[in-house]
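So this one's query_24.cif, mmCIF, C-alpha atoms:
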data_model
#
loop_
_atom_site.label_atom_id
_atom_site.label_comp_id
_atom_site.auth_asym_id
_atom_site.auth_seq_id
_atom_site.Cartn_x
_atom_site.Cartn_y
_atom_site.Cartn_z
CA MET V 193 -45.67 -38.01 -153.42
CA ASP V 194 -45.01 -35.07 -151.13
CA MET V 195 -43.65 -37.38 -148.47
CA GLN V 196 -41.21 -38.82 -150.99
CA ASN V 197 -40.03 -35.32 -151.88
CA VAL V 198 -39.38 -34.56 -148.26
CA GLU V 199 -37.36 -37.71 -147.91
CA ILE V 200 -35.26 -36.88 -150.95
CA GLN V 201 -34.66 -33.37 -149.69
CA LEU V 202 -33.68 -34.75 -146.29
CA GLU V 203 -31.14 -37.05 -147.90
CA GLU V 204 -29.71 -34.16 -149.91
CA LEU V 205 -29.50 -32.08 -146.79
CA LYS V 206 -27.72 -34.87 -144.91
CA SER V 207 -25.09 -35.34 -147.59
CA SER V 208 -24.43 -31.61 -147.90
CA ILE V 209 -23.99 -31.33 -144.12
CA GLU V 210 -21.56 -34.23 -144.25
CA ALA V 211 -19.64 -32.48 -147.02
CA ILE V 212 -19.49 -29.27 -144.98
CA ASN V 213 -18.31 -31.17 -141.93
CA LYS V 214 -15.49 -32.66 -143.95
CA LYS V 215 -14.37 -29.21 -145.01
CA THR V 216 -14.55 -27.64 -141.57
CA ALA V 217 -11.20 -27.40 -139.88
CA GLU V 218 -10.85 -29.23 -136.60
CA ASN V 219 -9.66 -27.54 -133.45
CA LYS V 220 -6.19 -28.78 -134.22
CA LEU V 221 -2.65 -27.46 -134.52
CA ALA V 222 -0.34 -28.96 -137.12
CA MET V 223 3.28 -27.93 -136.76
CA ILE V 224 6.38 -28.59 -138.81
CA VAL V 225 9.56 -28.54 -136.76
CA PHE V 226 12.28 -28.02 -139.35
CA SER V 227 14.80 -26.36 -137.07
CA GLY V 228 17.16 -28.29 -134.85
CA ASP V 229 18.02 -25.26 -132.73
CA MET V 230 17.40 -25.60 -129.03
CA ASP V 231 15.48 -22.33 -128.75
CA LYS V 232 13.23 -23.02 -131.72
CA VAL V 233 12.47 -26.59 -130.69
CA LEU V 234 11.73 -25.39 -127.16
CA ALA V 235 9.36 -22.75 -128.55
CA SER V 236 7.68 -25.48 -130.63
CA PHE V 237 7.00 -27.56 -127.54
CA ILE V 238 5.79 -24.55 -125.56
CA ILE V 239 3.28 -23.79 -128.31
CA ALA V 240 2.31 -27.46 -128.61
CA THR V 241 1.64 -27.96 -124.90
CA GLY V 242 -0.04 -24.55 -124.65
CA ALA V 243 -2.33 -25.54 -127.52
CA VAL V 244 -3.37 -28.71 -125.68
CA ALA V 245 -4.21 -26.53 -122.67
CA MET V 246 -6.40 -24.44 -124.98
CA GLY V 247 -8.26 -27.60 -125.86
CA MET V 248 -6.58 -28.30 -129.19
CA ASP V 249 -5.46 -31.56 -130.70
CA VAL V 250 -1.77 -31.21 -131.60
CA VAL V 251 0.42 -32.94 -134.13
CA MET V 252 4.10 -32.15 -134.73
CA PHE V 253 6.03 -33.19 -137.80
CA PHE V 254 9.80 -33.30 -137.32
CA THR V 255 11.79 -32.94 -140.50
CA PHE V 256 15.33 -32.12 -141.61
CA TRP V 257 17.36 -30.56 -138.80
CA GLY V 258 14.51 -31.16 -136.38
CA THR V 259 14.84 -34.92 -136.83
CA PRO V 260 18.07 -35.58 -134.85
CA VAL V 261 16.65 -33.74 -131.82
CA LEU V 262 14.39 -36.72 -131.20
CA ARG V 263 17.21 -39.24 -131.21
CA ASP V 264 17.93 -41.01 -127.95
CA LYS V 265 21.46 -40.64 -126.70
CA LYS V 266 21.36 -44.09 -125.16
CA ASN V 267 20.24 -45.91 -128.28
CA ASN V 268 23.10 -47.08 -130.44
CA VAL V 269 22.35 -48.85 -133.67
CA GLY V 270 24.63 -50.57 -136.10
CA GLY V 271 24.39 -51.35 -139.77
CA LYS V 272 24.99 -47.83 -141.07
CA ASP V 273 26.95 -46.95 -144.18
CA VAL V 274 29.83 -44.43 -144.16
CA MET V 275 27.62 -41.41 -144.81
CA GLY V 276 25.10 -42.57 -142.26
CA LYS V 277 27.83 -42.95 -139.67
CA MET V 278 29.15 -39.49 -140.51
CA PHE V 279 25.76 -37.82 -140.20
CA GLY V 280 25.08 -39.82 -137.07
CA THR V 281 28.23 -38.48 -135.44
CA MET V 282 28.05 -34.91 -136.67
CA LEU V 283 24.40 -34.23 -135.96
CA PRO V 284 23.07 -33.80 -132.45
CA LYS V 285 22.12 -36.99 -130.72
CA GLY V 286 19.09 -35.94 -128.77
CA THR V 287 18.10 -32.90 -126.76
CA SER V 288 21.30 -32.66 -124.75
CA ASP V 289 23.32 -31.91 -127.90
CA VAL V 290 21.20 -29.12 -129.36
CA LYS V 291 22.48 -25.56 -129.41
CA LEU V 292 20.98 -22.09 -129.39
CA SER V 293 20.36 -20.54 -132.82
CA LYS V 294 22.08 -17.36 -131.62
CA MET V 295 24.75 -16.61 -129.02
CA ASN V 296 25.89 -20.22 -128.80
CA MET V 297 29.51 -19.04 -128.40
CA GLY V 298 31.02 -22.49 -128.73
CA GLY V 299 28.48 -23.99 -126.36
CA MET V 300 28.98 -21.46 -123.60
CA GLY V 301 25.86 -19.50 -124.51
CA THR V 302 23.74 -22.65 -124.55
CA ARG V 303 25.05 -23.69 -121.14
CA MET V 304 24.35 -20.22 -119.76
CA MET V 305 20.85 -20.28 -121.19
CA LYS V 306 20.18 -23.68 -119.64
CA SER V 307 21.26 -22.53 -116.19
CA LEU V 308 19.27 -19.33 -116.57
CA MET V 309 16.19 -21.33 -117.54
CA LYS V 310 16.61 -23.44 -114.45
CA LYS V 311 16.94 -20.35 -112.29
CA LYS V 312 13.86 -18.75 -113.82
CA ASN V 313 11.90 -21.99 -113.57
CA VAL V 314 11.49 -22.37 -117.32
CA ALA V 315 10.99 -26.01 -118.21
CA SER V 316 13.86 -27.70 -120.05
CA LEU V 317 13.45 -29.23 -123.48
CA GLU V 318 13.48 -32.72 -121.94
CA GLU V 319 10.74 -31.75 -119.50
CA MET V 320 8.69 -30.20 -122.31
CA ILE V 321 8.90 -33.37 -124.40
CA ALA V 322 7.81 -35.46 -121.41
CA LEU V 323 4.92 -33.04 -120.82
CA ALA V 324 3.91 -33.16 -124.48
CA GLU V 325 3.82 -36.95 -124.31
CA GLU V 326 1.71 -36.83 -121.16
CA LEU V 327 -0.70 -34.38 -122.83
CA GLY V 328 -1.07 -36.58 -125.90
CA VAL V 329 0.80 -34.45 -128.44
CA ARG V 330 1.36 -36.66 -131.48
CA ILE V 331 4.72 -36.62 -133.23
CA TYR V 332 5.62 -37.72 -136.73
CA VAL V 333 9.24 -38.09 -137.79
CA CYS V 334 9.95 -37.51 -141.47
CA GLU V 335 11.00 -40.78 -143.10
CA MET V 336 12.79 -39.02 -145.91
CA SER V 337 15.02 -37.03 -143.53
CA MET V 338 15.80 -40.20 -141.63
CA ASP V 339 16.71 -42.01 -144.81
CA LEU V 340 18.82 -39.08 -145.98
CA MET V 341 20.74 -38.81 -142.72
CA GLY V 342 20.89 -42.57 -142.23
CA PHE V 343 18.86 -42.65 -139.01
CA LYS V 344 17.21 -45.88 -137.91
CA ARG V 345 13.86 -46.10 -136.15
CA ASP V 346 15.49 -47.69 -133.11
CA GLU V 347 17.55 -44.55 -132.55
CA PHE V 348 14.56 -42.46 -131.56
CA ILE V 349 13.28 -41.63 -128.13
CA ASP V 350 10.66 -43.74 -126.46
CA TYR V 351 7.60 -41.52 -126.87
CA ASN V 352 4.04 -42.70 -126.76
CA GLY V 353 2.49 -41.27 -129.91
CA LEU V 354 5.61 -41.07 -132.05
CA ASP V 355 5.31 -42.40 -135.55
CA PHE V 356 7.15 -42.21 -138.85
CA ALA V 357 5.57 -40.67 -141.91
CA GLY V 358 5.92 -38.57 -145.03
CA VAL V 359 4.66 -35.28 -146.37
CA ALA V 360 1.24 -36.63 -147.33
CA THR V 361 0.53 -37.52 -143.71
CA PHE V 362 1.46 -34.04 -142.60
CA LEU V 363 -0.67 -32.42 -145.28
CA GLN V 364 -3.63 -34.59 -144.43
CA GLU V 365 -3.31 -33.42 -140.81
CA ALA V 366 -2.68 -29.81 -141.82
CA GLN V 367 -5.62 -29.66 -144.19
CA ASN V 368 -8.14 -30.02 -141.43
CA SER V 369 -6.23 -28.06 -138.78
CA LYS V 370 -7.23 -24.58 -137.75
CA VAL V 371 -3.63 -23.58 -137.14
CA GLN V 372 -0.52 -24.58 -139.05
CA LEU V 373 2.99 -23.54 -138.14
CA PHE V 374 6.44 -23.97 -139.63
CA ILE V 375 9.29 -23.58 -137.20
CA MET I 158 -25.79 -9.66 -100.04
CA SER I 159 -22.59 -11.58 -100.16
CA ASP I 160 -20.18 -11.51 -103.07
CA GLU I 161 -17.98 -14.11 -101.43
CA ILE I 162 -16.71 -16.61 -103.95
CA GLN I 163 -16.71 -20.17 -102.76
CA VAL I 164 -13.40 -21.64 -103.80
CA ILE I 165 -13.35 -25.43 -104.03
CA LYS I 166 -9.67 -25.89 -104.78
CA VAL I 167 -6.55 -23.72 -104.81
CA PHE I 168 -3.79 -24.23 -107.34
CA ASP I 169 -0.38 -22.88 -106.44
CA LEU I 170 1.30 -22.02 -109.74
CA LYS I 171 3.67 -19.47 -108.26
CA GLY I 172 7.11 -19.34 -109.82
CA LEU I 173 6.07 -21.31 -112.88
CA ALA I 174 6.87 -19.92 -116.30
CA CYS I 175 5.00 -20.09 -119.60
CA PRO I 176 3.34 -22.40 -120.61
CA MET I 177 3.06 -24.19 -117.25
CA PRO I 178 0.43 -22.02 -115.53
CA VAL I 179 -2.02 -22.46 -118.40
CA VAL I 180 -1.18 -26.16 -118.85
CA LYS I 181 -1.71 -26.83 -115.14
CA VAL I 182 -4.90 -24.81 -114.85
CA SER I 183 -6.38 -26.58 -117.86
CA LYS I 184 -5.76 -29.89 -116.10
CA GLY I 185 -6.81 -28.54 -112.70
CA ILE I 186 -10.18 -27.23 -113.77
CA LYS I 187 -11.16 -30.76 -114.75
CA GLU I 188 -10.71 -31.86 -111.14
CA VAL I 189 -13.79 -29.92 -110.04
CA GLU I 190 -17.43 -30.07 -111.07
CA VAL I 191 -19.04 -27.77 -113.61
CA GLY I 192 -20.20 -24.64 -111.80
CA GLN I 193 -17.50 -24.84 -109.12
CA VAL I 194 -14.79 -22.22 -108.72
CA ILE I 195 -11.06 -22.76 -108.41
CA GLU I 196 -8.40 -20.29 -107.39
CA ALA I 197 -5.16 -20.20 -109.39
CA GLN I 198 -2.21 -18.28 -107.99
CA THR I 199 0.53 -17.25 -110.38
CA THR I 200 3.49 -14.92 -110.43
CA ASP I 201 3.93 -15.00 -114.20
CA PRO I 202 2.99 -11.54 -115.52
CA GLY I 203 2.11 -13.10 -118.89
CA SER I 204 -0.73 -14.97 -117.24
CA LEU I 205 -2.65 -11.67 -116.95
CA SER I 206 -3.36 -11.93 -120.66
CA ASP I 207 -2.94 -15.69 -120.99
CA PHE I 208 -5.56 -16.74 -118.47
CA PRO I 209 -8.37 -14.69 -120.03
CA ALA I 210 -7.32 -16.02 -123.47
CA TRP I 211 -7.33 -19.57 -122.15
CA ALA I 212 -10.68 -19.10 -120.40
CA LYS I 213 -12.29 -17.67 -123.50
CA THR I 214 -11.00 -20.45 -125.74
CA SER I 215 -11.74 -23.28 -123.35
CA GLY I 216 -15.16 -21.89 -122.50
CA ASN I 217 -14.60 -21.26 -118.80
CA GLU I 218 -15.13 -18.04 -116.88
CA ILE I 219 -12.77 -15.92 -114.85
CA VAL I 220 -15.08 -14.48 -112.23
CA LYS I 221 -12.47 -12.36 -110.51
CA THR I 222 -8.82 -11.38 -110.78
CA GLU I 223 -6.84 -10.07 -107.83
CA GLN I 224 -3.35 -8.70 -107.83
CA GLU I 225 -1.10 -8.04 -104.85
CA ASP I 226 2.43 -7.11 -105.77
CA LYS I 227 3.69 -9.93 -107.97
CA LEU I 228 1.02 -12.37 -106.93
CA ILE I 229 -1.94 -12.77 -109.25
CA LYS I 230 -5.05 -14.66 -108.18
CA PHE I 231 -7.59 -15.88 -110.68
CA TYR I 232 -10.98 -17.17 -109.61
CA ILE I 233 -12.15 -19.44 -112.38
CA LYS I 234 -15.53 -21.04 -112.74
CA ARG I 235 -15.71 -24.29 -114.63
CA LEU I 236 -18.39 -23.95 -117.29
CA VAL I 237 -17.63 -26.89 -119.54
#
Take the structure in the file and write it out as structure tokens.
Amino acid sequence: MDMQNVEIQLEELKSSIEAINKKTAENKLAMIVFSGDMDKVLASFIIATGAVAMGMDVVMFFTFWGTPVLRDKKNNVGGKDVMGKMFGTMLPKGTSDVKLSKMNMGGMGTRMMKSLMKKKNVASLEEMIALAEELGVRIYVCEMSMDLMGFKRDEFIDYNGLDFAGVATFLQEAQNSKVQLFI
Amino acid sequence: MSDEIQVIKVFDLKGLACPMPVVKVSKGIKEVEVGQVIEAQTTDPGSLSDFPAWAKTSGNEIVKTEQEDKLIKFYIKRLV
């Protein structure tokens, strides 16, 4: 009888530990990259790669203006409607087109910043993305933004660990992440 | 008594800017065995606070920090 009680208690204990484990946040960073500004996207990747160095699992969710930053300049796709073509032309096509959020001065500021970064040995956005891929930073691109702006999956950069998803995926990741950021 | 630290590997991170020193040292420490000490040389002033923060979070130990002009040397023992 006593033995049976112990067994029951053990089972209860096991299931409550499992429940606690489910609630405990993982050592993970979940980041929304909403901005398509060069400086803010660069900061996002600096934080992402830094977080991996700190031993964290990192997932980035690119939405709205952040979405076109991950397009590949070389990838041209057809089959777009008029609006899609318009957005496709007007929005940046990849990292080389993105501008500073301040002091852009018709592109001059961005060019100056890029040369300054080179001089000061600060990694470029392209290098940071390559590093993030190497470090296993996962990236989700927002399907809704893509649909809205008429982007096709084939337009995006070749990045191991890039996937397409919606808000529920982000929230599922964010829910069990210790750190969440919106940039 | 000798307080000489036996360095197994030296990482030259001079001239690198944030976040590279921390990214490289986190990779580098895995190249040695637990208990061994590496030396990381940086010139990034931010690493003076970043390396201790990284060590604390990753569970490694900075056994000594030296500074000569702009050069900063961290002696880091791999604990995990």
(message) Under the PyMOL selection byres ((chain I) within 7 of (chain V)), which residues of this model are included? Write them out as a ChimeraX atom specification.
(response) /I:172-174,176,179-180,183,211,214-215
Would you kindly translate the PyMOL selection byres ((chain I and resi 182) around 10) into the concrete residues it picks from this file, as a PDB file with C-alpha atoms, in the coordinates of the input?
ATOM      1  CA  ALA V 245      -4.210 -26.530-122.670  1.00  0.00           C
TER       2      ALA V 245
ATOM      3  CA  PHE I 168      -3.790 -24.230-107.340  1.00  0.00           C
ATOM      4  CA  ASP I 169      -0.380 -22.880-106.440  1.00  0.00           C
ATOM      5  CA  LEU I 170       1.300 -22.020-109.740  1.00  0.00           C
ATOM      6  CA  MET I 177       3.060 -24.190-117.250  1.00  0.00           C
ATOM      7  CA  PRO I 178       0.430 -22.020-115.530  1.00  0.00           C
ATOM      8  CA  VAL I 179      -2.020 -22.460-118.400  1.00  0.00           C
ATOM      9  CA  VAL I 180      -1.180 -26.160-118.850  1.00  0.00           C
ATOM     10  CA  LYS I 181      -1.710 -26.830-115.140  1.00  0.00           C
ATOM     11  CA  SER I 183      -6.380 -26.580-117.860  1.00  0.00           C
ATOM     12  CA  LYS I 184      -5.760 -29.890-116.100  1.00  0.00           C
ATOM     13  CA  GLY I 185      -6.810 -28.540-112.700  1.00  0.00           C
ATOM     14  CA  ILE I 186     -10.180 -27.230-113.770  1.00  0.00           C
ATOM     15  CA  LYS I 187     -11.160 -30.760-114.750  1.00  0.00           C
ATOM     16  CA  GLU I 188     -10.710 -31.860-111.140  1.00  0.00           C
ATOM     17  CA  ILE I 195     -11.060 -22.760-108.410  1.00  0.00           C
ATOM     18  CA  GLU I 196      -8.400 -20.290-107.390  1.00  0.00           C
ATOM     19  CA  ALA I 197      -5.160 -20.200-109.390  1.00  0.00           C
ATOM     20  CA  GLN I 198      -2.210 -18.280-107.990  1.00  0.00           C
ATOM     21  CA  PHE I 208      -5.560 -16.740-118.470  1.00  0.00           C
ATOM     22  CA  TRP I 211      -7.330 -19.570-122.150  1.00  0.00           C
ATOM     23  CA  ALA I 212     -10.680 -19.100-120.400  1.00  0.00           C
ATOM     24  CA  ILE I 233     -12.150 -19.440-112.380  1.00  0.00           C
TER      25      ILE I 233
END
(request) Quick one: everything within 10 Å of range 208-223 of chain V, counting all atoms listed in the file, minus sequence neighbours fewer than 4 positions away in the same chain. Send it as an MDAnalysis selection string. (result) chainID V and resid 202:204 236:237 239:240 243:244 246:254 329:331 362:375
Could you save the residues just selected, with C-alpha atoms, as a short mmCIF file (atom, residue, chain, number, x, y, z; two decimals), keeping the file's coordinate frame?
data_model
loop_
_atom_site.label_atom_id
_atom_site.label_comp_id
_atom_site.auth_asym_id
_atom_site.auth_seq_id
_atom_site.Cartn_x
_atom_site.Cartn_y
_atom_site.Cartn_z
CA LEU V 202 -33.68 -34.75 -146.29
CA GLU V 203 -31.14 -37.05 -147.90
CA GLU V 204 -29.71 -34.16 -149.91
CA SER V 236 7.68 -25.48 -130.63
CA PHE V 237 7.00 -27.56 -127.54
CA ILE V 239 3.28 -23.79 -128.31
CA ALA V 240 2.31 -27.46 -128.61
CA ALA V 243 -2.33 -25.54 -127.52
CA VAL V 244 -3.37 -28.71 -125.68
CA MET V 246 -6.40 -24.44 -124.98
CA GLY V 247 -8.26 -27.60 -125.86
CA MET V 248 -6.58 -28.30 -129.19
CA ASP V 249 -5.46 -31.56 -130.70
CA VAL V 250 -1.77 -31.21 -131.60
CA VAL V 251 0.42 -32.94 -134.13
CA MET V 252 4.10 -32.15 -134.73
CA PHE V 253 6.03 -33.19 -137.80
CA PHE V 254 9.80 -33.30 -137.32
CA VAL V 329 0.80 -34.45 -128.44
CA ARG V 330 1.36 -36.66 -131.48
CA ILE V 331 4.72 -36.62 -133.23
CA PHE V 362 1.46 -34.04 -142.60
CA LEU V 363 -0.67 -32.42 -145.28
CA GLN V 364 -3.63 -34.59 -144.43
CA GLU V 365 -3.31 -33.42 -140.81
CA ALA V 366 -2.68 -29.81 -141.82
CA GLN V 367 -5.62 -29.66 -144.19
CA ASN V 368 -8.14 -30.02 -141.43
CA SER V 369 -6.23 -28.06 -138.78
CA LYS V 370 -7.23 -24.58 -137.75
CA VAL V 371 -3.63 -23.58 -137.14
CA GLN V 372 -0.52 -24.58 -139.05
CA LEU V 373 2.99 -23.54 -138.14
CA PHE V 374 6.44 -23.97 -139.63
CA ILE V 375 9.29 -23.58 -137.20
#
(message) Can you spell out as a list in words the set of residues that the PyMOL selection byres ((chain V and resi 358) around 6) selects in the structure I just provided?
(response)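 When the PyMOL selection byres ((chain V and resi 358) around 6) is applied, the selected residues are Cys334, Glu335, Ala357, Val359, Ala360 and Thr361 of chain V.
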(message) For a test of reading the model, state the distance in Å between CA of Lys227 in chain I and CA of Lys232 in chain V, rounded to one decimal.
(response) 28.7 Å
(request) Can you work out the spacing between CA of Lys344 in chain V and CA of Gly328 in chain V in Å, to one decimal? (result)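 A separation of 23.8 Å between them.
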(request) Could you tell me how far CA of Tyr332 in chain V lies from CA of Val225 in chain V, in Å and to one decimal? (result)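 Computed distance, CA of Tyr332 in chain V to CA of Val225 in chain V, equals 10.0 Å.
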(message) I'd like the contact shell of Asp350 in chain V - 12 Å cut-off, all atoms listed in the file, skipping same-chain residues fewer than 2 positions apart - returned as a list of chain:residue names.
(response)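 What passes the distance filter is V:Leu262, V:Arg263, V:Asp264, V:Lys265, V:Lys266, V:Asn267, V:Gly286, V:Ile321, V:Ala322, V:Glu325, V:Ile331, V:Arg345, V:Asp346, V:Glu347, V:Phe348, V:Asn352, V:Gly353, V:Leu354, V:Asp355.
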Keeping C-alpha atoms, export the residues of the selection given above as a PDB file, keeping the file's coordinate frame.
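So the final result, stored in out17.pdb, reads:
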ATOM      1  CA  LEU V 262      14.390 -36.720-131.200  1.00  0.00           C
ATOM      2  CA  ARG V 263      17.210 -39.240-131.210  1.00  0.00           C
ATOM      3  CA  ASP V 264      17.930 -41.010-127.950  1.00  0.00           C
ATOM      4  CA  LYS V 265      21.460 -40.640-126.700  1.00  0.00           C
ATOM      5  CA  LYS V 266      21.360 -44.090-125.160  1.00  0.00           C
ATOM      6  CA  ASN V 267      20.240 -45.910-128.280  1.00  0.00           C
ATOM      7  CA  GLY V 286      19.090 -35.940-128.770  1.00  0.00           C
ATOM      8  CA  ILE V 321       8.900 -33.370-124.400  1.00  0.00           C
ATOM      9  CA  ALA V 322       7.810 -35.460-121.410  1.00  0.00           C
ATOM     10  CA  GLU V 325       3.820 -36.950-124.310  1.00  0.00           C
ATOM     11  CA  ILE V 331       4.720 -36.620-133.230  1.00  0.00           C
ATOM     12  CA  ARG V 345      13.860 -46.100-136.150  1.00  0.00           C
ATOM     13  CA  ASP V 346      15.490 -47.690-133.110  1.00  0.00           C
ATOM     14  CA  GLU V 347      17.550 -44.550-132.550  1.00  0.00           C
ATOM     15  CA  PHE V 348      14.560 -42.460-131.560  1.00  0.00           C
ATOM     16  CA  ASN V 352       4.040 -42.700-126.760  1.00  0.00           C
ATOM     17  CA  GLY V 353       2.490 -41.270-129.910  1.00  0.00           C
ATOM     18  CA  LEU V 354       5.610 -41.070-132.050  1.00  0.00           C
ATOM     19  CA  ASP V 355       5.310 -42.400-135.550  1.00  0.00           C
TER      20      ASP V 355
END
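Candidate residues I:Gln163, I:Asn217, I:Gln193, I:Ser204 were compared for distance to Leu236 in chain I, and the nearest is I:Asn217, using all atoms listed in the file.
The protein and nucleic acid residues lying at most 9 Å from range 292-300 of chain V are Gly228, Asp229, Met230, Asp231 and Lys232 of chain V, with only C-alpha atoms considered and sequence neighbours fewer than 6 positions away removed.
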Output for the residues just chosen: C-alpha atoms as a compact mmCIF listing (two decimals), in the frame of the given file:
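Saved the output as selection_26.txt:
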# COMPACT_ATOMS: atom_id res chain seq x y z
CA GLY V 228 17.16 -28.29 -134.85
CA ASP V 229 18.02 -25.26 -132.73
CA MET V 230 17.40 -25.60 -129.03
CA ASP V 231 15.48 -22.33 -128.75
CA LYS V 232 13.23 -23.02 -131.72
